[in-house]
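Student: Structure file start.cif (mmCIF, N, CA and C atoms) is given on the next line.
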```cif
data_work
loop_
_atom_site.group_PDB
_atom_site.id
_atom_site.type_symbol
_atom_site.label_atom_id
_atom_site.label_comp_id
_atom_site.auth_asym_id
_atom_site.auth_seq_id
_atom_site.Cartn_x
_atom_site.Cartn_y
_atom_site.Cartn_z
ATOM 1 N N THR A 1 -0.467 -88.679 199.238
ATOM 2 C CA THR A 1 0.793 -88.091 199.607
ATOM 3 C C THR A 1 1.383 -87.372 198.399
ATOM 4 N N ILE A 2 1.868 -86.178 198.615
ATOM 5 C CA ILE A 2 2.520 -85.392 197.569
ATOM 6 C C ILE A 2 3.987 -85.234 197.941
ATOM 7 N N TYR A 3 4.849 -85.449 196.951
ATOM 8 C CA TYR A 3 6.290 -85.365 197.165
ATOM 9 C C TYR A 3 6.870 -84.206 196.375
ATOM 10 N N PRO A 4 8.047 -83.717 196.758
ATOM 11 C CA PRO A 4 8.705 -82.664 195.981
ATOM 12 C C PRO A 4 8.845 -83.092 194.524
ATOM 13 N N ASP A 5 8.630 -82.155 193.624
ATOM 14 C CA ASP A 5 8.721 -82.362 192.180
ATOM 15 C C ASP A 5 7.577 -83.165 191.576
ATOM 16 N N ASP A 6 6.542 -83.516 192.359
ATOM 17 C CA ASP A 6 5.367 -84.158 191.774
ATOM 18 C C ASP A 6 4.662 -83.170 190.861
ATOM 19 N N LEU A 7 4.154 -83.670 189.757
ATOM 20 C CA LEU A 7 3.343 -82.875 188.850
ATOM 21 C C LEU A 7 1.889 -83.142 189.208
ATOM 22 N N LEU A 8 1.136 -82.091 189.479
ATOM 23 C CA LEU A 8 -0.249 -82.233 189.913
ATOM 24 C C LEU A 8 -1.204 -81.692 188.866
ATOM 25 N N HIS A 9 -2.365 -82.323 188.807
ATOM 26 C CA HIS A 9 -3.454 -81.808 187.975
ATOM 27 C C HIS A 9 -4.672 -81.708 188.870
ATOM 28 N N GLY A 10 -5.331 -80.573 188.819
ATOM 29 C CA GLY A 10 -6.540 -80.398 189.600
ATOM 30 C C GLY A 10 -7.643 -79.776 188.767
ATOM 31 N N ASP A 11 -8.860 -80.242 188.987
ATOM 32 C CA ASP A 11 -10.025 -79.654 188.351
ATOM 33 C C ASP A 11 -11.213 -79.828 189.294
ATOM 34 N N LEU A 12 -12.408 -79.654 188.781
ATOM 35 C CA LEU A 12 -13.591 -79.771 189.626
ATOM 36 C C LEU A 12 -13.775 -81.179 190.191
ATOM 37 N N ASN A 13 -13.127 -82.160 189.587
ATOM 38 C CA ASN A 13 -13.271 -83.541 190.029
ATOM 39 C C ASN A 13 -12.250 -83.958 191.075
ATOM 40 N N GLY A 14 -11.259 -83.118 191.327
ATOM 41 C CA GLY A 14 -10.257 -83.459 192.323
ATOM 42 C C GLY A 14 -8.849 -83.165 191.846
ATOM 43 N N VAL A 15 -7.889 -83.748 192.545
ATOM 44 C CA VAL A 15 -6.468 -83.546 192.250
ATOM 45 C C VAL A 15 -5.819 -84.915 192.113
ATOM 46 N N THR A 16 -4.904 -85.033 191.159
ATOM 47 C CA THR A 16 -4.167 -86.271 190.966
ATOM 48 C C THR A 16 -2.731 -85.955 190.588
ATOM 49 N N THR A 17 -1.857 -86.929 190.740
ATOM 50 C CA THR A 17 -0.466 -86.761 190.315
ATOM 51 C C THR A 17 -0.309 -87.343 188.914
ATOM 52 N N ILE A 18 0.613 -86.765 188.150
ATOM 53 C CA ILE A 18 0.920 -87.224 186.800
ATOM 54 C C ILE A 18 2.405 -87.541 186.761
ATOM 55 N N PRO A 19 2.762 -88.771 186.385
ATOM 56 C CA PRO A 19 4.190 -89.101 186.285
ATOM 57 C C PRO A 19 4.874 -88.192 185.267
ATOM 58 N N ARG A 20 6.003 -87.652 185.620
ATOM 59 C CA ARG A 20 6.728 -86.745 184.719
ATOM 60 C C ARG A 20 7.053 -87.404 183.378
ATOM 61 N N GLU A 21 7.256 -88.721 183.408
ATOM 62 C CA GLU A 21 7.623 -89.435 182.179
ATOM 63 C C GLU A 21 6.539 -89.347 181.104
ATOM 64 N N ILE A 22 5.290 -89.153 181.517
ATOM 65 C CA ILE A 22 4.206 -89.101 180.534
ATOM 66 C C ILE A 22 3.529 -87.733 180.473
ATOM 67 N N ALA A 23 4.103 -86.749 181.119
ATOM 68 C CA ALA A 23 3.465 -85.433 181.194
ATOM 69 C C ALA A 23 3.180 -84.841 179.818
ATOM 70 N N ALA A 24 4.121 -84.913 178.898
ATOM 71 C CA ALA A 24 3.921 -84.338 177.566
ATOM 72 C C ALA A 24 2.795 -85.052 176.833
ATOM 73 N N GLU A 25 2.737 -86.375 176.945
ATOM 74 C CA GLU A 25 1.689 -87.131 176.281
ATOM 75 C C GLU A 25 0.321 -86.833 176.879
ATOM 76 N N VAL A 26 0.276 -86.662 178.194
ATOM 77 C CA VAL A 26 -0.982 -86.322 178.851
ATOM 78 C C VAL A 26 -1.489 -84.979 178.331
ATOM 79 N N ALA A 27 -0.587 -84.037 178.182
ATOM 80 C CA ALA A 27 -0.983 -82.729 177.644
ATOM 81 C C ALA A 27 -1.506 -82.861 176.219
ATOM 82 N N ASP A 28 -0.914 -83.765 175.442
ATOM 83 C CA ASP A 28 -1.348 -83.959 174.055
ATOM 84 C C ASP A 28 -2.751 -84.530 173.945
ATOM 85 N N VAL A 29 -3.192 -85.307 174.926
ATOM 86 C CA VAL A 29 -4.520 -85.927 174.847
ATOM 87 C C VAL A 29 -5.546 -85.242 175.756
ATOM 88 N N GLY A 30 -5.166 -84.120 176.333
ATOM 89 C CA GLY A 30 -6.055 -83.424 177.267
ATOM 90 C C GLY A 30 -7.413 -83.083 176.683
ATOM 91 N N ASP A 31 -7.435 -82.533 175.483
ATOM 92 C CA ASP A 31 -8.718 -82.167 174.862
ATOM 93 C C ASP A 31 -9.591 -83.387 174.605
ATOM 94 N N GLU A 32 -8.957 -84.477 174.195
ATOM 95 C CA GLU A 32 -9.721 -85.706 173.949
ATOM 96 C C GLU A 32 -10.265 -86.292 175.252
ATOM 97 N N PHE A 33 -9.526 -86.138 176.337
ATOM 98 C CA PHE A 33 -10.008 -86.604 177.632
ATOM 99 C C PHE A 33 -11.223 -85.784 178.064
ATOM 100 N N VAL A 34 -11.150 -84.492 177.877
ATOM 101 C CA VAL A 34 -12.288 -83.623 178.207
ATOM 102 C C VAL A 34 -13.499 -84.018 177.368
ATOM 103 N N ASP A 35 -13.287 -84.318 176.089
ATOM 104 C CA ASP A 35 -14.378 -84.759 175.226
ATOM 105 C C ASP A 35 -14.994 -86.062 175.731
ATOM 106 N N ALA A 36 -14.149 -86.975 176.218
ATOM 107 C CA ALA A 36 -14.645 -88.242 176.763
ATOM 108 C C ALA A 36 -15.493 -87.994 178.010
ATOM 109 N N GLU A 37 -15.047 -87.101 178.872
ATOM 110 C CA GLU A 37 -15.829 -86.762 180.056
ATOM 111 C C GLU A 37 -17.151 -86.099 179.677
ATOM 112 N N ALA A 38 -17.141 -85.337 178.591
ATOM 113 C CA ALA A 38 -18.335 -84.608 178.163
ATOM 114 C C ALA A 38 -19.468 -85.533 177.740
ATOM 115 N N VAL A 39 -19.159 -86.763 177.347
ATOM 116 C CA VAL A 39 -20.207 -87.707 176.946
ATOM 117 C C VAL A 39 -21.213 -87.876 178.078
ATOM 118 N N VAL A 40 -20.729 -88.101 179.285
ATOM 119 C CA VAL A 40 -21.615 -88.273 180.436
ATOM 120 C C VAL A 40 -22.212 -86.939 180.866
ATOM 121 N N LEU A 41 -21.382 -85.912 180.914
ATOM 122 C CA LEU A 41 -21.876 -84.601 181.349
ATOM 123 C C LEU A 41 -22.986 -84.087 180.441
ATOM 124 N N ASN A 42 -22.839 -84.266 179.139
ATOM 125 C CA ASN A 42 -23.872 -83.812 178.205
ATOM 126 C C ASN A 42 -25.178 -84.565 178.412
ATOM 127 N N LEU A 43 -25.084 -85.850 178.699
ATOM 128 C CA LEU A 43 -26.295 -86.623 178.968
ATOM 129 C C LEU A 43 -27.005 -86.082 180.205
ATOM 130 N N VAL A 44 -26.253 -85.870 181.253
ATOM 131 C CA VAL A 44 -26.844 -85.410 182.507
ATOM 132 C C VAL A 44 -27.438 -84.010 182.362
ATOM 133 N N ARG A 45 -26.759 -83.154 181.630
ATOM 134 C CA ARG A 45 -27.223 -81.775 181.452
ATOM 135 C C ARG A 45 -28.352 -81.661 180.430
ATOM 136 N N GLY A 46 -28.562 -82.714 179.644
ATOM 137 C CA GLY A 46 -29.476 -82.636 178.520
ATOM 138 C C GLY A 46 -30.942 -82.845 178.825
ATOM 139 N N GLY A 47 -31.315 -82.973 180.045
ATOM 140 C CA GLY A 47 -32.739 -83.141 180.322
ATOM 141 C C GLY A 47 -32.990 -84.202 181.360
ATOM 142 N N THR A 48 -33.594 -85.296 180.925
ATOM 143 C CA THR A 48 -33.965 -86.355 181.857
ATOM 144 C C THR A 48 -33.172 -87.616 181.547
ATOM 145 N N PRO A 49 -31.986 -87.733 182.094
ATOM 146 C CA PRO A 49 -31.158 -88.915 181.829
ATOM 147 C C PRO A 49 -31.787 -90.174 182.440
ATOM 148 N N SER A 50 -31.601 -91.273 181.778
ATOM 149 C CA SER A 50 -32.101 -92.550 182.277
ATOM 150 C C SER A 50 -30.920 -93.401 182.742
ATOM 151 N N VAL A 51 -31.240 -94.441 183.463
ATOM 152 C CA VAL A 51 -30.199 -95.361 183.913
ATOM 153 C C VAL A 51 -29.529 -96.007 182.704
ATOM 154 N N ASP A 52 -30.333 -96.425 181.722
ATOM 155 C CA ASP A 52 -29.760 -97.033 180.519
ATOM 156 C C ASP A 52 -28.906 -96.032 179.750
ATOM 157 N N GLY A 53 -29.377 -94.793 179.636
ATOM 158 C CA GLY A 53 -28.610 -93.765 178.947
ATOM 159 C C GLY A 53 -27.287 -93.499 179.641
ATOM 160 N N LEU A 54 -27.338 -93.442 180.958
ATOM 161 C CA LEU A 54 -26.113 -93.220 181.732
ATOM 162 C C LEU A 54 -25.160 -94.400 181.571
ATOM 163 N N ARG A 55 -25.701 -95.604 181.589
ATOM 164 C CA ARG A 55 -24.877 -96.792 181.410
ATOM 165 C C ARG A 55 -24.170 -96.757 180.053
ATOM 166 N N GLU A 56 -24.895 -96.395 179.012
ATOM 167 C CA GLU A 56 -24.315 -96.318 177.671
ATOM 168 C C GLU A 56 -23.274 -95.204 177.568
ATOM 169 N N ALA A 57 -23.593 -94.043 178.122
ATOM 170 C CA ALA A 57 -22.664 -92.917 178.075
ATOM 171 C C ALA A 57 -21.394 -93.240 178.851
ATOM 172 N N ARG A 58 -21.551 -93.866 179.990
ATOM 173 C CA ARG A 58 -20.382 -94.229 180.805
ATOM 174 C C ARG A 58 -19.520 -95.259 180.078
ATOM 175 N N ALA A 59 -20.155 -96.227 179.404
ATOM 176 C CA ALA A 59 -19.392 -97.224 178.645
ATOM 177 C C ALA A 59 -18.599 -96.552 177.525
ATOM 178 N N GLU A 60 -19.223 -95.588 176.853
ATOM 179 C CA GLU A 60 -18.509 -94.861 175.795
ATOM 180 C C GLU A 60 -17.347 -94.071 176.379
ATOM 181 N N GLN A 61 -17.591 -93.413 177.504
ATOM 182 C CA GLN A 61 -16.537 -92.641 178.156
ATOM 183 C C GLN A 61 -15.360 -93.539 178.528
ATOM 184 N N ILE A 62 -15.644 -94.670 179.121
ATOM 185 C CA ILE A 62 -14.589 -95.600 179.532
ATOM 186 C C ILE A 62 -13.806 -96.099 178.323
ATOM 187 N N ALA A 63 -14.512 -96.394 177.233
ATOM 188 C CA ALA A 63 -13.837 -96.867 176.018
ATOM 189 C C ALA A 63 -12.920 -95.793 175.447
ATOM 190 N N ARG A 64 -13.389 -94.558 175.422
ATOM 191 C CA ARG A 64 -12.559 -93.467 174.892
ATOM 192 C C ARG A 64 -11.312 -93.262 175.745
ATOM 193 N N ILE A 65 -11.481 -93.296 177.057
ATOM 194 C CA ILE A 65 -10.342 -93.098 177.957
ATOM 195 C C ILE A 65 -9.366 -94.268 177.829
ATOM 196 N N ALA A 66 -9.881 -95.477 177.657
ATOM 197 C CA ALA A 66 -9.005 -96.640 177.464
ATOM 198 C C ALA A 66 -8.167 -96.475 176.200
ATOM 199 N N GLN A 67 -8.768 -95.971 175.140
ATOM 200 C CA GLN A 67 -8.027 -95.732 173.896
ATOM 201 C C GLN A 67 -6.922 -94.703 174.115
ATOM 202 N N LEU A 68 -7.222 -93.675 174.888
ATOM 203 C CA LEU A 68 -6.198 -92.666 175.179
ATOM 204 C C LEU A 68 -5.053 -93.267 175.976
ATOM 205 N N ARG A 69 -5.378 -94.123 176.939
ATOM 206 C CA ARG A 69 -4.335 -94.762 177.743
ATOM 207 C C ARG A 69 -3.427 -95.624 176.873
ATOM 208 N N VAL A 70 -4.019 -96.353 175.941
ATOM 209 C CA VAL A 70 -3.223 -97.185 175.044
ATOM 210 C C VAL A 70 -2.305 -96.299 174.226
ATOM 211 N N ARG A 71 -2.831 -95.212 173.705
ATOM 212 C CA ARG A 71 -2.024 -94.299 172.895
ATOM 213 C C ARG A 71 -0.873 -93.715 173.692
ATOM 214 N N VAL A 72 -1.145 -93.282 174.907
ATOM 215 C CA VAL A 72 -0.089 -92.696 175.745
ATOM 216 C C VAL A 72 0.942 -93.758 176.096
ATOM 217 N N SER A 73 0.495 -94.967 176.407
ATOM 218 C CA SER A 73 1.478 -96.009 176.767
ATOM 219 C C SER A 73 2.347 -96.383 175.576
ATOM 220 N N ARG A 74 1.818 -96.337 174.367
ATOM 221 C CA ARG A 74 2.623 -96.617 173.172
ATOM 222 C C ARG A 74 3.661 -95.524 172.961
ATOM 223 N N GLN A 75 3.290 -94.301 173.251
ATOM 224 C CA GLN A 75 4.215 -93.176 173.049
ATOM 225 C C GLN A 75 5.329 -93.189 174.080
ATOM 226 N N THR A 76 5.050 -93.708 175.255
ATOM 227 C CA THR A 76 6.047 -93.689 176.323
ATOM 228 C C THR A 76 6.762 -95.017 176.477
ATOM 229 N N GLY A 77 6.210 -96.074 175.879
ATOM 230 C CA GLY A 77 6.735 -97.416 176.091
ATOM 231 C C GLY A 77 7.883 -97.725 175.250
#
```
Would you mind writing the file out in structure tokens?
Tutor:
Amino acid sequence: TIYPDDLLHGDLNGVTTIPREIAAEVADVGDEFVDAEAVVLNLVRGGTPSVDGLREARAEQIARIAQLRVRVSRQTG
């Protein structure tokens, strides 16, 4: 559900809402989020990815995104 004044973000992966309270912080970490997503994308694009390689890349991606979430919550908290 989308409501008036919702802030939306859309890319090839879909559309999501962003709380206005953290919009500035989200913009500040946007490049780092893209870099975190690139860990998995680079593996997949790099040739013959394995299940173990994907598992490792996904774990790194999740860890990077978790760090960004902590940083954003500290800035807004």
Student: Would you mind listing what lies within 8 Å of Phe33 of chain A as an NGL selection string, with only N, CA and C atoms counted and same-chain residues fewer than 3 positions away left out?
Tutor: :A and (28-30 or 36-38 or 64-65 or 68)
Student: Take the residues from that selection and write them out as a compact mmCIF listing (two decimals), keeping the file's coordinate frame, keeping N, CA and C atoms.
Tutor:
```txt
# COMPACT_ATOMS: atom_id res chain seq x y z
N ASP A 28 -0.91 -83.76 175.44
CA ASP A 28 -1.35 -83.96 174.06
C ASP A 28 -2.75 -84.53 173.94
N VAL A 29 -3.19 -85.31 174.93
CA VAL A 29 -4.52 -85.93 174.85
C VAL A 29 -5.55 -85.24 175.76
N GLY A 30 -5.17 -84.12 176.33
CA GLY A 30 -6.06 -83.42 177.27
C GLY A 30 -7.41 -83.08 176.68
N ALA A 36 -14.15 -86.98 176.22
CA ALA A 36 -14.64 -88.24 176.76
C ALA A 36 -15.49 -87.99 178.01
N GLU A 37 -15.05 -87.10 178.87
CA GLU A 37 -15.83 -86.76 180.06
C GLU A 37 -17.15 -86.10 179.68
N ALA A 38 -17.14 -85.34 178.59
CA ALA A 38 -18.34 -84.61 178.16
C ALA A 38 -19.47 -85.53 177.74
N ARG A 64 -13.39 -94.56 175.42
CA ARG A 64 -12.56 -93.47 174.89
C ARG A 64 -11.31 -93.26 175.74
N ILE A 65 -11.48 -93.30 177.06
CA ILE A 65 -10.34 -93.10 177.96
C ILE A 65 -9.37 -94.27 177.83
N LEU A 68 -7.22 -93.68 174.89
CA LEU A 68 -6.20 -92.67 175.18
C LEU A 68 -5.05 -93.27 175.98
```
Student: What's the 12 Å shell around segment 2-12 of chain A, counting only C-alpha atoms, without same-chain residues fewer than 4 positions away, as number ranges by chain?
Tutor: A: 16-24, 26-27, 30, 34
Student: Could you check the closest approach to Val39 of chain A for each of A:Ala57, A:Asp52, A:Gln67, A:Ile62 and tell me which residue wins, using all atoms listed in the file?
Tutor: A:Ala57
Student: Which value, in Å to one decimal, gives the distance between atom C of Thr1 of chain A and atom N of Thr76 of chain A?
Tutor: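 Here the two named atoms are 24.3 Å from each other.
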Student: Find the residues near Gln75 of chain A: any atom within 8 Å, counting only N, CA and C atoms, skip ones fewer than 5 places away on the same chain, and give them as number ranges by chain.
Tutor: A: 22, 25, 69-70
Student: Could you pull segment 63-76 of chain A out of the block above and save it with all heavy atoms, as an mmCIF file, in the first residue's frame?
Tutor:
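Result written to result36.cif:
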```
data_model
loop_
_atom_site.group_PDB
_atom_site.id
_atom_site.type_symbol
_atom_site.label_atom_id
_atom_site.label_comp_id
_atom_site.auth_asym_id
_atom_site.auth_seq_id
_atom_site.Cartn_x
_atom_site.Cartn_y
_atom_site.Cartn_z
ATOM 1 N N ALA A 63 26.254 -8.984 5.811
ATOM 2 C CA ALA A 63 27.044 -8.317 6.854
ATOM 3 C C ALA A 63 27.232 -6.839 6.539
ATOM 4 O O ALA A 63 27.109 -5.983 7.432
ATOM 5 C CB ALA A 63 28.396 -9.007 6.998
ATOM 6 N N ARG A 64 27.520 -6.528 5.287
ATOM 7 C CA ARG A 64 27.708 -5.121 4.905
ATOM 8 C C ARG A 64 26.421 -4.324 5.089
ATOM 9 O O ARG A 64 26.438 -3.198 5.583
ATOM 10 C CB ARG A 64 28.161 -5.021 3.449
ATOM 11 C CG ARG A 64 29.582 -5.440 3.209
ATOM 12 C CD ARG A 64 29.929 -5.206 1.765
ATOM 13 N NE ARG A 64 31.260 -5.635 1.424
ATOM 14 C CZ ARG A 64 31.901 -5.225 0.342
ATOM 15 N NH1 ARG A 64 31.329 -4.391 -0.514
ATOM 16 N NH2 ARG A 64 33.122 -5.662 0.083
ATOM 17 N N ILE A 65 25.303 -4.905 4.684
ATOM 18 C CA ILE A 65 24.019 -4.212 4.811
ATOM 19 C C ILE A 65 23.659 -4.045 6.288
ATOM 20 O O ILE A 65 23.139 -3.000 6.692
ATOM 21 C CB ILE A 65 22.926 -4.940 4.015
ATOM 22 C CG1 ILE A 65 23.212 -4.804 2.510
ATOM 23 C CG2 ILE A 65 21.537 -4.397 4.358
ATOM 24 C CD1 ILE A 65 22.334 -5.645 1.617
ATOM 25 N N ALA A 66 23.966 -5.041 7.107
ATOM 26 C CA ALA A 66 23.708 -4.927 8.548
ATOM 27 C C ALA A 66 24.507 -3.773 9.146
ATOM 28 O O ALA A 66 23.989 -3.023 9.981
ATOM 29 C CB ALA A 66 24.039 -6.238 9.245
ATOM 30 N N GLN A 67 25.748 -3.618 8.726
ATOM 31 C CA GLN A 67 26.573 -2.506 9.210
ATOM 32 C C GLN A 67 25.965 -1.166 8.807
ATOM 33 O O GLN A 67 25.969 -0.210 9.592
ATOM 34 C CB GLN A 67 27.998 -2.611 8.680
ATOM 35 C CG GLN A 67 28.782 -3.749 9.286
ATOM 36 C CD GLN A 67 30.136 -3.938 8.618
ATOM 37 O OE1 GLN A 67 30.411 -3.397 7.546
ATOM 38 N NE2 GLN A 67 30.992 -4.728 9.250
ATOM 39 N N LEU A 68 25.448 -1.097 7.593
ATOM 40 C CA LEU A 68 24.807 0.145 7.149
ATOM 41 C C LEU A 68 23.570 0.445 7.978
ATOM 42 O O LEU A 68 23.316 1.597 8.337
ATOM 43 C CB LEU A 68 24.443 0.060 5.666
ATOM 44 C CG LEU A 68 25.615 -0.016 4.693
ATOM 45 C CD1 LEU A 68 25.108 -0.233 3.278
ATOM 46 C CD2 LEU A 68 26.470 1.228 4.786
ATOM 47 N N ARG A 69 22.789 -0.585 8.284
ATOM 48 C CA ARG A 69 21.586 -0.386 9.094
ATOM 49 C C ARG A 69 21.944 0.138 10.481
ATOM 50 O O ARG A 69 21.273 1.026 11.008
ATOM 51 C CB ARG A 69 20.806 -1.691 9.214
ATOM 52 C CG ARG A 69 20.064 -2.044 7.978
ATOM 53 C CD ARG A 69 19.152 -3.243 8.204
ATOM 54 N NE ARG A 69 18.391 -3.487 7.011
ATOM 55 C CZ ARG A 69 18.252 -4.676 6.452
ATOM 56 N NH1 ARG A 69 18.819 -5.732 6.987
ATOM 57 N NH2 ARG A 69 17.534 -4.814 5.360
ATOM 58 N N VAL A 70 22.997 -0.408 11.066
ATOM 59 C CA VAL A 70 23.428 0.054 12.382
ATOM 60 C C VAL A 70 23.829 1.513 12.291
ATOM 61 O O VAL A 70 23.457 2.334 13.136
ATOM 62 C CB VAL A 70 24.596 -0.807 12.910
ATOM 63 C CG1 VAL A 70 25.264 -0.164 14.117
ATOM 64 C CG2 VAL A 70 24.106 -2.212 13.244
ATOM 65 N N ARG A 71 24.582 1.863 11.271
ATOM 66 C CA ARG A 71 25.024 3.248 11.103
ATOM 67 C C ARG A 71 23.849 4.193 10.939
ATOM 68 O O ARG A 71 23.792 5.251 11.570
ATOM 69 C CB ARG A 71 25.979 3.349 9.920
ATOM 70 C CG ARG A 71 26.879 4.552 10.026
ATOM 71 C CD ARG A 71 28.014 4.472 9.074
ATOM 72 N NE ARG A 71 27.612 5.146 7.854
ATOM 73 C CZ ARG A 71 28.135 4.896 6.672
ATOM 74 N NH1 ARG A 71 29.043 3.984 6.529
ATOM 75 N NH2 ARG A 71 27.741 5.568 5.619
ATOM 76 N N VAL A 72 22.887 3.817 10.119
ATOM 77 C CA VAL A 72 21.715 4.676 9.898
ATOM 78 C C VAL A 72 20.904 4.786 11.180
ATOM 79 O O VAL A 72 20.463 5.884 11.539
ATOM 80 C CB VAL A 72 20.847 4.131 8.736
ATOM 81 C CG1 VAL A 72 19.486 4.801 8.705
ATOM 82 C CG2 VAL A 72 21.568 4.316 7.408
ATOM 83 N N SER A 73 20.746 3.684 11.901
ATOM 84 C CA SER A 73 19.949 3.765 13.142
ATOM 85 C C SER A 73 20.639 4.627 14.187
ATOM 86 O O SER A 73 19.973 5.308 14.951
ATOM 87 C CB SER A 73 19.676 2.359 13.687
ATOM 88 O OG SER A 73 20.840 1.753 14.159
ATOM 89 N N ARG A 74 21.959 4.640 14.226
ATOM 90 C CA ARG A 74 22.685 5.505 15.162
ATOM 91 C C ARG A 74 22.498 6.969 14.790
ATOM 92 O O ARG A 74 22.399 7.832 15.668
ATOM 93 C CB ARG A 74 24.168 5.166 15.163
ATOM 94 C CG ARG A 74 24.486 3.902 15.901
ATOM 95 C CD ARG A 74 25.961 3.645 15.914
ATOM 96 N NE ARG A 74 26.241 2.365 16.541
ATOM 97 C CZ ARG A 74 27.331 1.674 16.321
ATOM 98 N NH1 ARG A 74 28.254 2.097 15.495
ATOM 99 N NH2 ARG A 74 27.510 0.510 16.932
ATOM 100 N N GLN A 75 22.458 7.247 13.510
ATOM 101 C CA GLN A 75 22.312 8.637 13.056
ATOM 102 C C GLN A 75 20.908 9.155 13.313
ATOM 103 O O GLN A 75 20.701 10.356 13.480
ATOM 104 C CB GLN A 75 22.658 8.753 11.565
ATOM 105 C CG GLN A 75 24.109 8.521 11.268
ATOM 106 C CD GLN A 75 24.401 8.467 9.767
ATOM 107 O OE1 GLN A 75 23.494 8.487 8.944
ATOM 108 N NE2 GLN A 75 25.668 8.396 9.414
ATOM 109 N N THR A 76 19.934 8.272 13.300
ATOM 110 C CA THR A 76 18.548 8.703 13.465
ATOM 111 C C THR A 76 18.035 8.489 14.875
ATOM 112 O O THR A 76 16.986 9.025 15.216
ATOM 113 C CB THR A 76 17.621 7.955 12.486
ATOM 114 O OG1 THR A 76 17.701 6.555 12.752
ATOM 115 C CG2 THR A 76 17.981 8.248 11.051
#
```
